[in-house]
Each structure stands twice: as C-alpha cells, then as structure tokens.
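Raw contents of my_file.txt, compact mmCIF, C-alpha atoms:
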```txt
# COMPACT_ATOMS: atom_id res chain seq x y z
CA MET O 27 -9.67 -59.57 -44.98
CA LYS O 28 -6.70 -57.21 -44.77
CA LYS O 29 -6.33 -57.64 -41.01
CA TYR O 30 -5.95 -61.45 -41.43
CA THR O 31 -3.29 -61.28 -44.15
CA GLY O 32 -0.51 -62.62 -41.95
CA ARG O 33 -2.57 -65.45 -40.54
CA ILE O 34 -3.44 -66.60 -44.11
CA PHE O 35 -0.24 -66.06 -46.07
CA VAL O 36 2.33 -67.13 -43.48
CA PRO O 37 0.76 -70.62 -42.91
CA ALA O 38 0.27 -70.90 -46.69
CA LEU O 39 3.93 -70.10 -47.24
CA PHE O 40 4.95 -72.69 -44.67
CA PHE O 41 2.61 -75.24 -46.29
CA ILE O 42 4.21 -74.61 -49.70
CA LEU O 43 7.66 -75.02 -48.17
CA ILE O 44 6.80 -78.39 -46.65
CA LEU O 45 4.97 -79.78 -49.73
CA PRO O 46 8.08 -81.70 -50.88
CA TYR O 47 8.26 -83.32 -47.46
CA ILE O 48 4.58 -84.27 -47.62
CA GLY O 49 5.13 -85.72 -51.10
CA TRP O 50 8.11 -87.66 -49.86
CA LEU O 51 6.01 -89.12 -47.02
CA GLY O 52 3.23 -90.02 -49.42
CA HIS O 53 5.46 -92.21 -51.56
CA GLU O 54 4.29 -95.85 -51.80
CA GLU O 55 7.36 -97.15 -50.16
CA ARG O 56 7.05 -94.84 -47.08
CA ARG O 57 4.30 -94.78 -44.53
CA PHE O 58 2.75 -91.47 -43.19
CA SER O 59 3.35 -91.84 -39.44
CA ALA O 60 1.44 -90.15 -36.58
CA PHE O 61 4.62 -88.34 -35.58
CA ALA O 62 4.83 -86.76 -39.01
CA GLY O 63 1.21 -85.60 -38.72
CA ILE O 64 1.82 -84.00 -35.33
CA TYR O 65 4.95 -82.36 -36.67
CA LEU O 66 2.98 -80.87 -39.57
CA ILE O 67 0.24 -79.57 -37.24
CA VAL O 68 2.83 -77.95 -34.95
CA ILE O 69 4.56 -76.32 -37.90
CA LEU O 70 1.28 -74.96 -39.25
CA THR O 71 0.25 -73.72 -35.77
CA ILE O 72 3.54 -71.91 -35.38
CA ALA O 73 3.09 -70.41 -38.83
CA TRP O 74 -0.41 -69.25 -37.89
CA CYS O 75 0.87 -67.65 -34.67
CA LEU O 76 3.62 -65.89 -36.58
CA GLY O 77 1.01 -64.63 -39.03
CA ALA O 78 -1.15 -63.38 -36.15
CA PHE O 79 1.87 -61.64 -34.61
CA PHE O 80 2.62 -60.07 -38.01
CA ASP O 81 -0.99 -58.85 -38.29
CA HIS O 82 -0.86 -57.34 -34.79
CA LYS O 83 2.43 -55.53 -35.41
CA ARG O 84 1.24 -54.25 -38.76
CA LYS O 85 -1.90 -52.92 -37.10
CA THR O 86 0.20 -51.24 -34.43
CA ILE O 87 2.46 -49.71 -37.09
CA ASP O 88 -0.58 -48.42 -38.96
CA LEU O 89 -1.94 -46.88 -35.77
CA LEU O 90 1.43 -45.28 -35.02
CA GLN O 91 1.69 -43.90 -38.53
CA ASP O 92 -1.83 -42.55 -38.25
CA SER O 93 -1.06 -40.99 -34.83
CA GLU O 94 2.16 -39.54 -36.15
CA GLY O 95 0.30 -37.94 -39.02
CA ARG O 96 -2.32 -36.52 -36.70
CA TYR O 97 0.35 -35.30 -34.28
CA ARG O 98 2.22 -33.62 -37.13
CA ILE O 99 -0.98 -31.89 -38.24
CA ILE O 100 -1.86 -30.83 -34.67
CA SER O 101 1.72 -29.74 -33.98
CA ASN O 102 1.85 -27.61 -37.13
CA TYR O 103 -1.57 -26.17 -36.37
CA SER O 104 -0.61 -25.43 -32.74
CA LYS O 105 2.64 -23.82 -33.84
CA GLU O 106 0.84 -21.63 -36.34
CA LEU O 107 -1.78 -20.78 -33.72
CA ILE O 108 0.83 -19.87 -31.06
CA ASN O 109 2.84 -17.84 -33.56
CA SER O 110 -0.28 -15.88 -34.51
CA PHE O 111 -0.93 -14.76 -30.89
CA ASN O 112 -0.33 -11.11 -30.00
CA GLU O 113 0.44 -12.27 -26.46
CA VAL O 114 3.84 -13.72 -25.60
CA ILE O 115 3.91 -17.43 -24.78
CA PHE O 116 6.97 -18.31 -22.74
CA GLN O 117 8.71 -21.10 -20.85
CA THR O 118 11.64 -20.89 -18.41
CA ASP O 119 13.81 -23.40 -16.61
CA ASP O 120 14.10 -23.68 -12.83
CA LYS O 121 16.73 -20.90 -12.83
CA GLY O 122 14.48 -18.42 -14.65
CA ASN O 123 16.24 -18.58 -18.02
CA TRP O 124 14.11 -18.36 -21.16
CA LEU O 125 13.59 -21.74 -22.85
CA TYR O 126 10.87 -20.75 -25.30
CA LEU O 127 9.39 -17.48 -26.61
CA ASN O 128 6.95 -17.11 -29.47
CA PRO O 129 7.50 -14.45 -32.19
CA ALA O 130 5.28 -11.91 -30.38
CA TRP O 131 8.22 -11.38 -28.01
CA LYS O 132 10.03 -9.28 -30.61
CA SER O 133 7.20 -6.75 -30.98
CA MET O 134 6.80 -6.57 -27.18
CA SER O 135 10.46 -6.29 -26.14
CA GLY O 136 12.20 -5.11 -29.30
CA THR O 137 14.69 -8.02 -29.17
CA THR O 138 14.54 -11.21 -31.22
CA VAL O 139 13.77 -14.59 -29.75
CA ASN O 140 17.28 -15.90 -30.54
CA GLU O 141 18.84 -12.92 -28.71
CA SER O 142 16.77 -13.60 -25.61
CA LEU O 143 16.78 -17.40 -25.33
CA GLY O 144 19.09 -18.54 -22.55
CA LEU O 145 19.04 -15.16 -20.78
CA HIS O 146 17.50 -14.65 -17.35
CA PHE O 147 14.05 -13.10 -17.47
CA SER O 148 15.16 -10.26 -15.14
CA LYS O 149 17.37 -8.86 -17.95
CA HIS O 150 14.28 -7.39 -19.59
CA MET O 151 12.52 -6.25 -16.41
CA ASP O 152 12.42 -3.20 -14.18
CA LYS O 153 14.21 -3.81 -10.85
CA ALA O 154 11.16 -2.96 -8.74
CA SER O 155 8.99 -5.29 -10.85
CA TYR O 156 11.61 -8.04 -10.53
CA GLN O 157 11.47 -7.80 -6.74
CA ASP O 158 7.65 -7.90 -6.86
CA VAL O 159 7.70 -11.02 -9.08
CA LEU O 160 10.18 -12.75 -6.76
CA LYS O 161 7.95 -11.97 -3.80
CA VAL O 162 4.79 -13.29 -5.48
CA PHE O 163 6.66 -16.35 -6.79
CA ALA O 164 8.10 -17.18 -3.35
CA ASP O 165 4.68 -16.80 -1.77
CA SER O 166 3.05 -19.09 -4.36
CA PHE O 167 5.88 -21.62 -4.14
CA HIS O 168 5.68 -21.92 -0.35
CA ARG O 169 1.87 -22.05 -0.36
CA GLY O 170 1.92 -24.81 -2.97
CA ASN O 171 -0.03 -22.72 -5.50
CA LYS O 172 0.56 -23.67 -9.13
CA TYR O 173 -0.46 -20.32 -10.61
CA PHE O 174 0.14 -16.63 -9.93
CA ARG O 175 -0.21 -13.32 -11.76
CA ALA O 176 1.80 -10.11 -11.61
CA ASP O 177 2.02 -6.72 -13.29
CA ILE O 178 5.53 -6.19 -14.72
CA LYS O 179 7.30 -3.11 -16.02
CA LEU O 180 9.25 -4.29 -19.06
CA ASN O 181 12.37 -2.48 -20.23
CA ALA O 182 11.85 -2.70 -23.99
CA LYS O 183 13.97 -1.09 -26.70
CA LYS O 184 11.04 1.16 -27.58
CA GLY O 185 10.77 2.26 -23.94
CA THR O 186 9.14 0.95 -20.78
CA SER O 187 6.00 -1.11 -21.22
CA TRP O 188 3.56 -2.60 -18.72
CA VAL O 189 2.64 -6.28 -19.14
CA GLU O 190 0.46 -8.66 -17.18
CA ALA O 191 2.00 -12.08 -16.53
CA PHE O 192 0.00 -15.25 -15.91
CA VAL O 193 2.50 -17.86 -14.74
CA LYS O 194 2.18 -21.61 -14.11
CA LEU O 195 4.74 -23.39 -11.93
CA ILE O 196 5.83 -26.72 -13.49
CA TYR O 197 6.85 -29.76 -11.45
CA ASP O 198 8.09 -33.20 -12.55
CA ASP O 199 6.54 -36.53 -11.50
CA ALA O 200 8.68 -36.53 -8.34
CA GLY O 201 7.29 -33.12 -7.33
CA LYS O 202 10.51 -31.22 -8.10
CA PHE O 203 10.19 -27.69 -9.48
CA ILE O 204 11.56 -27.63 -13.04
CA GLY O 205 10.44 -24.27 -14.46
CA THR O 206 7.55 -22.04 -15.41
CA ALA O 207 5.30 -21.38 -18.40
CA GLY O 208 2.81 -18.63 -19.05
CA ILE O 209 1.51 -15.68 -21.03
CA LEU O 210 2.57 -12.00 -21.15
CA SER O 211 -0.06 -9.46 -22.25
CA GLU O 212 0.45 -5.72 -22.76
CA ILE O 213 -1.64 -3.55 -20.39
CA ASN O 214 -0.25 -0.09 -21.14
CA GLU O 215 -3.66 1.43 -21.76
CA ARG O 216 -5.07 -0.01 -18.55
CA LYS O 217 -2.09 1.22 -16.51
CA HIS O 218 -2.28 4.69 -17.99
CA ALA O 219 -6.01 4.79 -17.25
CA GLU O 220 -5.37 3.69 -13.66
CA GLU O 221 -2.67 6.32 -13.21
CA LYS O 222 -4.96 9.02 -14.58
CA LEU O 223 -7.77 7.86 -12.30
CA VAL O 224 -5.52 7.86 -9.22
CA SER O 225 -4.14 11.27 -10.16
CA LEU O 226 -7.65 12.65 -10.66
CA ASN O 227 -8.87 11.17 -7.37
CA GLU O 228 -5.88 12.58 -5.51
CA HIS O 229 -6.46 16.00 -7.06
CA LEU O 230 -10.15 15.91 -6.10
CA ALA O 231 -9.30 14.66 -2.62
CA ILE O 232 -6.71 17.41 -2.10
CA THR O 233 -9.22 20.02 -3.28
CA SER O 234 -11.89 18.53 -1.02
CA SER O 235 -9.45 18.42 1.88
CA LYS O 236 -8.55 22.08 1.36
CA LEU O 237 -12.21 23.09 1.26
CA SER O 238 -12.92 21.02 4.36
CA THR O 239 -9.97 22.56 6.17
CA ALA O 240 -11.06 26.05 5.15
CA ALA O 241 -14.59 25.38 6.40
CA GLN O 242 -13.36 24.10 9.75
CA LEU O 243 -10.97 27.00 10.15
CA ALA O 244 -13.68 29.50 9.27
CA ALA O 245 -15.44 29.14 12.62
CA GLY O 246 -12.23 29.65 14.57
CA ILE O 247 -11.11 32.57 12.41
CA ALA O 248 -14.51 34.24 12.67
CA HIS O 249 -14.38 33.85 16.44
CA GLU O 250 -10.81 35.18 16.53
CA VAL O 251 -11.73 38.25 14.45
CA ARG O 252 -15.09 38.90 16.12
CA ASN O 253 -13.62 39.36 19.59
CA PRO O 254 -11.22 42.20 18.71
CA MET O 255 -13.86 43.74 16.41
CA THR O 256 -16.30 43.82 19.32
CA ALA O 257 -13.70 45.52 21.49
CA ILE O 258 -12.85 48.05 18.75
CA MET O 259 -16.50 48.91 18.19
CA GLY O 260 -17.06 49.36 21.91
CA PHE O 261 -14.12 51.70 22.40
CA VAL O 262 -14.94 53.65 19.22
CA LYS O 263 -18.45 54.19 20.63
CA LEU O 264 -16.97 55.40 23.92
CA ILE O 265 -14.72 57.85 22.04
CA LYS O 266 -17.69 59.03 20.00
CA ASP O 267 -19.69 59.59 23.19
CA GLY O 268 -16.83 61.69 24.58
CA GLY O 269 -15.39 59.23 27.06
CA ALA O 270 -12.24 60.18 28.97
CA GLU O 271 -8.75 58.65 28.71
CA LYS O 272 -8.96 58.48 24.91
CA GLN O 273 -5.24 57.70 24.52
CA GLU O 274 -5.72 54.46 26.48
CA TYR O 275 -8.63 53.60 24.20
CA TYR O 276 -6.46 54.17 21.14
CA ASP O 277 -3.80 51.79 22.51
CA ILE O 278 -6.38 49.07 23.05
CA ILE O 279 -7.90 49.63 19.59
CA PHE O 280 -4.51 49.35 17.86
CA SER O 281 -3.70 46.25 19.92
CA GLU O 282 -6.90 44.59 18.73
CA ILE O 283 -6.21 45.66 15.14
CA ASN O 284 -2.80 43.99 15.41
CA ARG O 285 -4.52 40.80 16.52
CA ILE O 286 -6.75 40.89 13.43
CA GLU O 287 -3.72 41.53 11.21
CA GLN O 288 -1.93 38.54 12.73
CA VAL O 289 -4.85 36.24 11.88
CA LEU O 290 -5.02 37.59 8.32
CA ASN O 291 -1.27 37.11 7.90
CA GLU O 292 -1.64 33.49 8.93
CA LEU O 293 -4.34 33.04 6.30
CA LEU O 294 -2.09 34.52 3.62
CA LEU O 295 0.66 32.07 4.54
CA LEU O 296 -1.69 29.22 3.59
CA SER O 297 -1.77 30.28 -0.08
CA LYS O 298 0.16 27.69 -2.08
CA PRO O 299 2.39 28.87 -4.94
CA ALA O 300 2.31 27.15 -8.32
CA GLU O 301 5.84 25.83 -7.80
CA ALA O 302 7.35 24.24 -4.72
CA VAL O 303 10.09 26.44 -3.28
CA PHE O 304 12.64 24.73 -1.05
CA LEU O 305 14.28 27.23 1.30
CA GLU O 306 16.58 26.86 4.24
CA LYS O 307 14.29 28.02 7.07
CA ASP O 308 13.61 27.55 10.76
CA LEU O 309 10.99 24.80 11.08
CA LYS O 310 9.89 26.17 14.47
CA GLU O 311 8.57 29.38 12.92
CA SER O 312 6.41 27.54 10.38
CA CYS O 313 5.08 25.25 13.07
CA ASN O 314 4.23 28.26 15.27
CA HIS O 315 2.22 29.78 12.41
CA VAL O 316 0.13 26.60 12.06
CA VAL O 317 -0.39 26.23 15.81
CA THR O 318 -1.51 29.86 16.04
CA LEU O 319 -3.96 29.28 13.19
CA LEU O 320 -5.43 26.09 14.69
CA GLU O 321 -5.31 27.08 18.35
CA THR O 322 -8.68 28.83 18.36
CA ASN O 323 -10.33 25.89 16.64
CA ALA O 324 -8.75 23.60 19.24
CA VAL O 325 -9.97 25.75 22.15
CA LEU O 326 -13.50 25.63 20.77
CA ASN O 327 -13.23 21.82 21.10
CA ASN O 328 -11.80 22.04 24.65
CA ILE O 329 -8.33 21.04 23.41
CA GLN O 330 -5.00 22.55 24.45
CA ILE O 331 -1.99 22.53 22.10
CA HIS O 332 1.35 22.37 23.94
CA LYS O 333 4.66 23.22 22.23
CA ASN O 334 8.01 21.73 23.16
CA TYR O 335 10.88 23.04 21.00
CA ASP O 336 14.64 23.17 21.22
CA SER O 337 15.84 26.61 22.27
CA GLU O 338 18.00 27.07 19.17
CA PRO O 339 16.60 27.56 15.64
CA ILE O 340 16.23 24.31 13.68
CA PHE O 341 17.09 24.78 10.03
CA MET O 342 16.19 22.47 7.14
CA TYR O 343 15.37 22.77 3.45
CA PHE O 344 11.62 22.63 2.89
CA ASP O 345 8.68 24.13 1.04
CA GLU O 346 6.89 26.07 3.75
CA ASN O 347 3.41 25.78 2.26
CA GLN O 348 3.67 22.01 1.81
CA ILE O 349 5.02 21.43 5.32
CA LYS O 350 2.26 23.64 6.70
CA GLN O 351 -0.25 21.52 4.82
CA VAL O 352 1.24 18.42 6.50
CA LEU O 353 1.07 20.05 9.97
CA ILE O 354 -2.50 21.27 9.45
CA ASN O 355 -3.71 17.82 8.33
CA MET O 356 -1.99 15.99 11.19
CA ILE O 357 -3.00 18.42 13.94
CA LYS O 358 -6.55 18.57 12.54
CA ASN O 359 -6.70 14.76 12.67
CA SER O 360 -5.60 14.90 16.31
CA ILE O 361 -8.32 17.46 17.09
CA GLU O 362 -10.97 15.31 15.40
CA SER O 363 -9.82 12.23 17.35
CA MET O 364 -10.68 13.94 20.69
CA PRO O 365 -14.44 14.72 20.69
CA ASN O 366 -14.35 15.15 24.48
CA GLY O 367 -11.31 17.41 24.53
CA GLY O 368 -7.75 16.74 25.66
CA ASN O 369 -4.19 17.75 24.91
CA ILE O 370 -1.98 17.82 21.83
CA PHE O 371 1.79 17.93 22.27
CA VAL O 372 3.86 19.28 19.36
CA SER O 373 7.62 18.74 19.70
CA ILE O 374 10.52 19.75 17.44
CA ASN O 375 14.03 18.60 18.29
CA GLU O 376 17.34 18.16 16.52
CA LYS O 377 19.40 15.05 17.15
CA ASN O 378 22.35 13.49 15.31
CA GLY O 379 21.88 15.64 12.22
CA GLU O 380 18.14 14.94 11.97
CA VAL O 381 15.04 16.96 12.76
CA LEU O 382 12.41 15.10 14.81
CA LEU O 383 8.89 16.52 14.55
CA SER O 384 6.34 14.69 16.70
CA ILE O 385 2.61 15.19 17.28
CA LEU O 386 1.09 13.34 20.24
CA ASP O 387 -2.63 13.39 21.07
CA GLU O 388 -4.91 11.83 23.68
CA GLY O 389 -7.53 10.69 21.19
CA GLU O 390 -9.34 7.45 20.48
CA GLY O 391 -6.29 5.80 18.90
CA ILE O 392 -6.03 3.57 15.85
CA PRO O 393 -6.79 -0.21 15.90
CA GLU O 394 -3.70 -2.38 15.49
CA ASN O 395 -5.05 -4.08 12.36
CA SER O 396 -5.53 -0.66 10.72
CA LEU O 397 -2.25 0.90 11.82
CA GLN O 398 -0.23 -0.67 8.98
CA LYS O 399 -2.67 0.72 6.40
CA VAL O 400 -2.49 4.32 7.59
CA GLY O 401 -1.23 6.47 4.74
CA GLU O 402 -2.43 4.13 2.01
CA PRO O 403 -4.58 5.84 -0.65
CA PHE O 404 -8.33 5.61 0.01
CA PHE O 405 -7.88 4.05 3.47
CA THR O 406 -9.53 5.97 6.31
CA THR O 407 -10.99 5.29 9.75
CA LYS O 408 -13.33 8.27 9.42
CA THR O 409 -16.91 7.77 8.30
CA SER O 410 -16.75 10.78 5.98
CA GLY O 411 -13.04 10.80 5.13
CA THR O 412 -11.52 10.47 1.66
CA GLY O 413 -8.52 8.41 2.78
CA LEU O 414 -6.09 10.64 0.88
CA GLY O 415 -5.20 13.32 3.46
CA LEU O 416 -2.42 11.38 5.15
CA SER O 417 -1.42 9.79 1.85
CA VAL O 418 -0.71 13.26 0.45
CA CYS O 419 1.14 14.17 3.67
CA PHE O 420 3.33 11.08 3.43
CA ARG O 421 4.22 11.89 -0.17
CA ILE O 422 5.17 15.45 0.79
CA ILE O 423 7.34 14.15 3.62
CA GLU O 424 8.98 11.65 1.26
CA LYS O 425 9.75 14.44 -1.24
CA HIS O 426 11.49 16.28 1.59
CA GLY O 427 13.69 13.23 2.28
CA GLY O 428 11.76 12.40 5.44
CA LYS O 429 10.28 9.33 7.08
CA VAL O 430 7.10 8.80 9.12
CA PHE O 431 6.56 6.52 12.11
CA ILE O 432 3.17 6.04 13.77
CA THR O 433 2.39 4.41 17.13
CA SER O 434 -1.06 4.25 18.65
CA GLU O 435 -2.99 2.74 21.54
CA LEU O 436 -6.76 2.55 21.70
CA LYS O 437 -8.40 5.02 24.08
CA LYS O 438 -4.99 6.50 24.93
CA GLY O 439 -3.84 8.33 21.82
CA THR O 440 -1.64 8.39 18.75
CA LYS O 441 1.90 9.63 18.17
CA ILE O 442 3.25 10.58 14.74
CA VAL O 443 6.99 11.16 14.39
CA CYS O 444 8.41 12.74 11.22
CA ILE O 445 12.19 12.60 10.72
CA PHE O 446 13.82 15.03 8.29
CA PRO O 447 17.45 15.70 7.34
CA THR O 448 18.73 18.94 8.86
CA VAL O 449 21.36 21.44 7.72
CA GLN O 450 24.19 22.80 9.82
CA GLN O 451 23.66 26.24 11.23
CA LYS O 452 25.71 28.88 9.48
CA GLU O 453 27.19 32.23 10.38
CA TYR O 454 24.95 34.72 8.72
CA GLY O 455 27.09 37.79 9.49
CA GLY O 456 24.49 39.55 11.58
CA LYS O 457 21.69 39.07 9.12
CA GLY O 458 18.22 38.46 10.46
CA LYS O 459 16.89 34.94 10.47
CA ASP O 460 14.44 35.91 7.72
CA GLN O 461 17.43 36.67 5.45
CA ILE O 462 18.62 33.07 5.07
CA HIS O 463 20.31 31.95 1.90
CA GLY O 464 17.86 29.55 0.26
CA LEU O 465 17.81 26.92 -2.37
CA GLU O 466 14.94 26.98 -4.81
CA ARG O 467 13.95 24.16 -7.03
CA LYS O 468 10.90 23.11 -8.95
CA GLU O 469 8.81 20.29 -7.64
CA ASN O 470 9.43 17.15 -9.62
```
Output the structure of this file as structure tokens.
Amino acid sequence: MKKYTGRIFVPALFFILILPYIGWLGHEERRFSAFAGIYLIVILTIAWCLGAFFDHKRKTIDLLQDSEGRYRIISNYSKELINSFNEVIFQTDDKGNWLYLNPAWKSMSGTTVNESLGLHFSKHMDKASYQDVLKVFADSFHRGNKYFRADIKLNAKKGTSWVEAFVKLIYDDAGKFIGTAGILSEINERKHAEEKLVSLNEHLAITSSKLSTAAQLAAGIAHEVRNPMTAIMGFVKLIKDGGAEKQEYYDIIFSEINRIEQVLNELLLLSKPAEAVFLEKDLKESCNHVVTLLETNAVLNNIQIHKNYDSEPIFMYFDENQIKQVLINMIKNSIESMPNGGNIFVSINEKNGEVLLSILDEGEGIPENSLQKVGEPFFTTKTSGTGLGLSVCFRIIEKHGGKVFITSELKKGTKIVCIFPTVQQKEYGGKGKDQIHGLERKEN
C-alpha cells in the first residue's frame, strides 16, 4: 500500500479540488457535456501520473538513503579496519607524492602522517633503494604490468628499517597513469636472517676454498720437497760411505736445503693475520711468491706460467695475504680450466697512475650467457664449485679500490684484468725495498 501512496492521494487531491466544478456542471440549468467529461478524465490521468512519478522518486530516495547508510557503515568499518593494520597502506599521485597514509606510518617511519603527506616518497628512503624502486617501476610501466614488489631500506627516525613494498599502478579510464597505491610491511627479521645466512655461507665457502686450495697445493709441495730430500739423502749416503769430493757434496746438500726452505717460506706467507694490514709494497714480489707456489702444481698438469712485468717496482697499498688469496684463486681457476695443459700469462704493468694485473689462460672459456654472472655469489660453472671463490676475490679487489674486467672466448681462453690505484715511487734514502713506509688500517 505504501508504494502506491502517490498514485492514490494525488488523484484524490485533484478530485477534491475539482468537486466544485463538477457540482457546478451538475446544476439543473447546466448540462454535463462530453468535453467536460474528457477534461475530467485527462485531469485525473495527469494526477495519477504525477502520483506514480512521486512514488518512483520516493522509492529512489529511500534506496539512496539506505545505500548512504550502508556506505557510511562500510566506510567507517573500512576506516577502522585500515587504521588497525600494522602494515602501512599508502597512495601517491603521479609525481610520487604521498596522498594517503594510514596511522601505522608513524610507528614505521617515526614521522606523523600530517608531516609526510605531500612529500615525495624518496624523502624517507635510502638512495640505493630509491634507484632500485625507480628501476623496477620503469620496467613494470613499460611492460604494462599493473603490480610490482620491491625491498626498500627506509630511513626512519629510529634508524634504518627494511620494508617490503607491494605496489599497484593506477590508471584513469583514458589509460593515463595517475598514481600508485599499495602496502608497506616490515621485514627486518627476514633481512637480518638472510644477511646472517649469506655471511655464514660465505664463511663456510671461504673455509672450504682454503681447504681445497691446501689439498691441491699439497701434491705440488710434496713433490717439490721430495726431490731435494732425495738428493740430500743420496749425497749423505755417499758421504757416509766415504765418497770423495765431500765439499762438492756439501754444496749440493745446502743448495737443496735452501730449496726446501724457500717452499716452506712460501707456505708461511699464506697464513692470514686476524686484521688486514695495508702496506705500500711492490706487487711484483707478492705475485712472484704465488707463482712460485703454484708453478709445481701447474707443471704437474702440463701447464707453463709465463710472467711479463714492468722492469721497475710497482708500488700500491694492499694487504699482501688478501691479494695473494685473489691471485691463488684466479691462477688456480686458470689451471683447472686447462685439463689438457697449456699456458698461463701473468702480466703486471703500470699505466696512467694505475696498476694493471692481468691473467690470461688458454682454457675452455666461459659461455657468453654466463659471463655476466661471474662473481655473483653461488654462481659457478664447475660441477663441484661453491660459487663463492671469485665472489670473495671481487670483494677483496673492491676493498682495495680496484675493478675487475673479464673477457672470454669458448675453446680459446679467458682473460681477467684487475685495475688498482698505484702510488708514486718515493726516494727511500738508500733503504732496501723491504723497508717501505707503510700504512696500516683495520679491515672494515
């Protein structure tokens, strides 16, 4: 009945209004014409239509009021729900300025929502993370992807904090980019766990690499020591049996003992101190030590190591043990890449205030699709490798202010070039080259 109120009351109202006219027509002296009847029907029809229109509008208003009430309830509920999240809900415009941040932003960043709204999102972000986000955003934008994720280092008042961002790109009906929306979640515990895991894996890999290197060197060292020991035992037996020319025997024995001492000295140089010591030294000497140590192992594999150095000493600041570790790993990789033998060329040159150390082999080479990944943690082309040997080497070179460049061709070989900053040669006032003024510093 309620939905027909207009269609009942409006015609009734019109009928009441025209009752005097109907009474006037019904007077004895006036006749009720057909025109008057049609006029009354039209009036009542119009009244009924107006009533129907009134009913329809009232129904629409009721629906709108009901929808408004529901929307208000949902809006309040959604607002309370969003405000209760521990994650940050955000929205930015097409320029990257914050348009909306829920209250969780204050606990994450240390700044209030009102202080941050209108600012560019990069104001609260580490520079490296900002560049990473721009790169991922540009890639998603050009690919037409509507979503992307990124790990961000946030510069909060309480200190740096890692967050994971899930971002949606927003477009209008015309397809124009108008901003972003998404969620920021703290991942400090996960990041710390990942860093500990990587650190542990690197430590285990370094230890494994050292043990592997020691095992591979053992055969060459044993061979190097056995030969002079055999000669010493033979000449001692001759002396014991009363052989002539004993002085000549003594000379040979002491010569062989010197050879053994040289090998042992090279082994002692491999011991790594607890702290990195950066000294101004001649790189050629350190490289000679490593080549001498690995040469026997190379000969056992039918490999010749050729040295090509500048005639003058080449001085630079470096930790000798760490640089030797780099040289051992790289030369050992070259040896392993030549199962059928070949040549390794080690060159050290100084040019334009830089030291160029290059190692060239005639091995199997590295595939082009793998060349860009060389040096990445856990990437290796060896079946039994850890993938951290060269990664550690690259980090050592980086700590020494150096750079690494690798070129390779399958079945022809690989060339590794390390570029370090050099120091100008000084007048040492007649001091020996082992008495160089050094600079010591702890490894960061």
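At a cut-off of 7 Å from (0.4, 14.4, 25.1), the residue set is Asn369, Ile370, Phe371, Leu386, Asp387 and Glu388 of chain O (counting only C-alpha atoms).
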Give me a file of those residues, with C-alpha atoms, as a tab-separated table (two decimals), in the coordinates of the input.
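Okay, this is what ended up in out10.tsv:
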```
chain	number	residue	atom	x	y	z
O	369	ASN	CA	-4.19	17.75	24.91
O	370	ILE	CA	-1.98	17.82	21.83
O	371	PHE	CA	1.79	17.93	22.27
O	386	LEU	CA	1.09	13.34	20.24
O	387	ASP	CA	-2.63	13.39	21.07
O	388	GLU	CA	-4.91	11.83	23.68
```
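Closest approach to O:Phe304 among O:Glu346, O:Asp92, O:Glu376, O:Glu228: O:Glu346, based on all atoms listed in the file.
Going from atom CA of O:Ile354 to atom CA of O:Thr448 covers 21.4 Å.
With atom CA of O:Glu321 on one side and atom CA of O:Lys333 on the other, the separation reads 11.4 Å.
Look at everything within 10 Å of (5.9, -21.3, -11.1) using all atoms listed in the file, and the residues you get are Thr118, Asp119, Asp120, Gly122, Val162, Phe163, Ala164, Ser166, Phe167, Gly170, Asn171, Lys172, Tyr173, Phe174, Phe192, Val193, Lys194, Leu195, Ile196, Tyr197, Phe203, Ile204, Gly205, Thr206, Ala207 and Gly208 of chain O.
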Keeping only C-alpha atoms, write the selected residues as a PDB file, in the coordinates of the input.
```pdb
ATOM      1  CA  THR O 118      11.640 -20.890 -18.410  1.00  0.00           C
ATOM      2  CA  ASP O 119      13.810 -23.400 -16.610  1.00  0.00           C
ATOM      3  CA  ASP O 120      14.100 -23.680 -12.830  1.00  0.00           C
ATOM      4  CA  GLY O 122      14.480 -18.420 -14.650  1.00  0.00           C
ATOM      5  CA  VAL O 162       4.790 -13.290  -5.480  1.00  0.00           C
ATOM      6  CA  PHE O 163       6.660 -16.350  -6.790  1.00  0.00           C
ATOM      7  CA  ALA O 164       8.100 -17.180  -3.350  1.00  0.00           C
ATOM      8  CA  SER O 166       3.050 -19.090  -4.360  1.00  0.00           C
ATOM      9  CA  PHE O 167       5.880 -21.620  -4.140  1.00  0.00           C
ATOM     10  CA  GLY O 170       1.920 -24.810  -2.970  1.00  0.00           C
ATOM     11  CA  ASN O 171      -0.030 -22.720  -5.500  1.00  0.00           C
ATOM     12  CA  LYS O 172       0.560 -23.670  -9.130  1.00  0.00           C
ATOM     13  CA  TYR O 173      -0.460 -20.320 -10.610  1.00  0.00           C
ATOM     14  CA  PHE O 174       0.140 -16.630  -9.930  1.00  0.00           C
ATOM     15  CA  PHE O 192       0.000 -15.250 -15.910  1.00  0.00           C
ATOM     16  CA  VAL O 193       2.500 -17.860 -14.740  1.00  0.00           C
ATOM     17  CA  LYS O 194       2.180 -21.610 -14.110  1.00  0.00           C
ATOM     18  CA  LEU O 195       4.740 -23.390 -11.930  1.00  0.00           C
ATOM     19  CA  ILE O 196       5.830 -26.720 -13.490  1.00  0.00           C
ATOM     20  CA  TYR O 197       6.850 -29.760 -11.450  1.00  0.00           C
ATOM     21  CA  PHE O 203      10.190 -27.690  -9.480  1.00  0.00           C
ATOM     22  CA  ILE O 204      11.560 -27.630 -13.040  1.00  0.00           C
ATOM     23  CA  GLY O 205      10.440 -24.270 -14.460  1.00  0.00           C
ATOM     24  CA  THR O 206       7.550 -22.040 -15.410  1.00  0.00           C
ATOM     25  CA  ALA O 207       5.300 -21.380 -18.400  1.00  0.00           C
ATOM     26  CA  GLY O 208       2.810 -18.630 -19.050  1.00  0.00           C
TER      27      GLY O 208
END
```
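Nearest residue to O:Asn375 among O:Leu90, O:Met134, O:Val224, O:Ile445 is O:Ile445, counting all atoms listed in the file.
The space separating atom CA of O:Ser363 from atom CA of O:Asn327 comes to 10.8 Å.
Distances here use only C-alpha atoms; by that measure, the residue among O:Ser148, O:Ala176, O:Lys441, O:Lys132 closest to O:Lys161 is O:Ala176.
Of the residues under consideration (O:Val418, O:Ala324, O:Glu394, O:His426), O:Val418 shows the shortest atom-to-atom contact distance to O:Thr233 when counting all atoms listed in the file.
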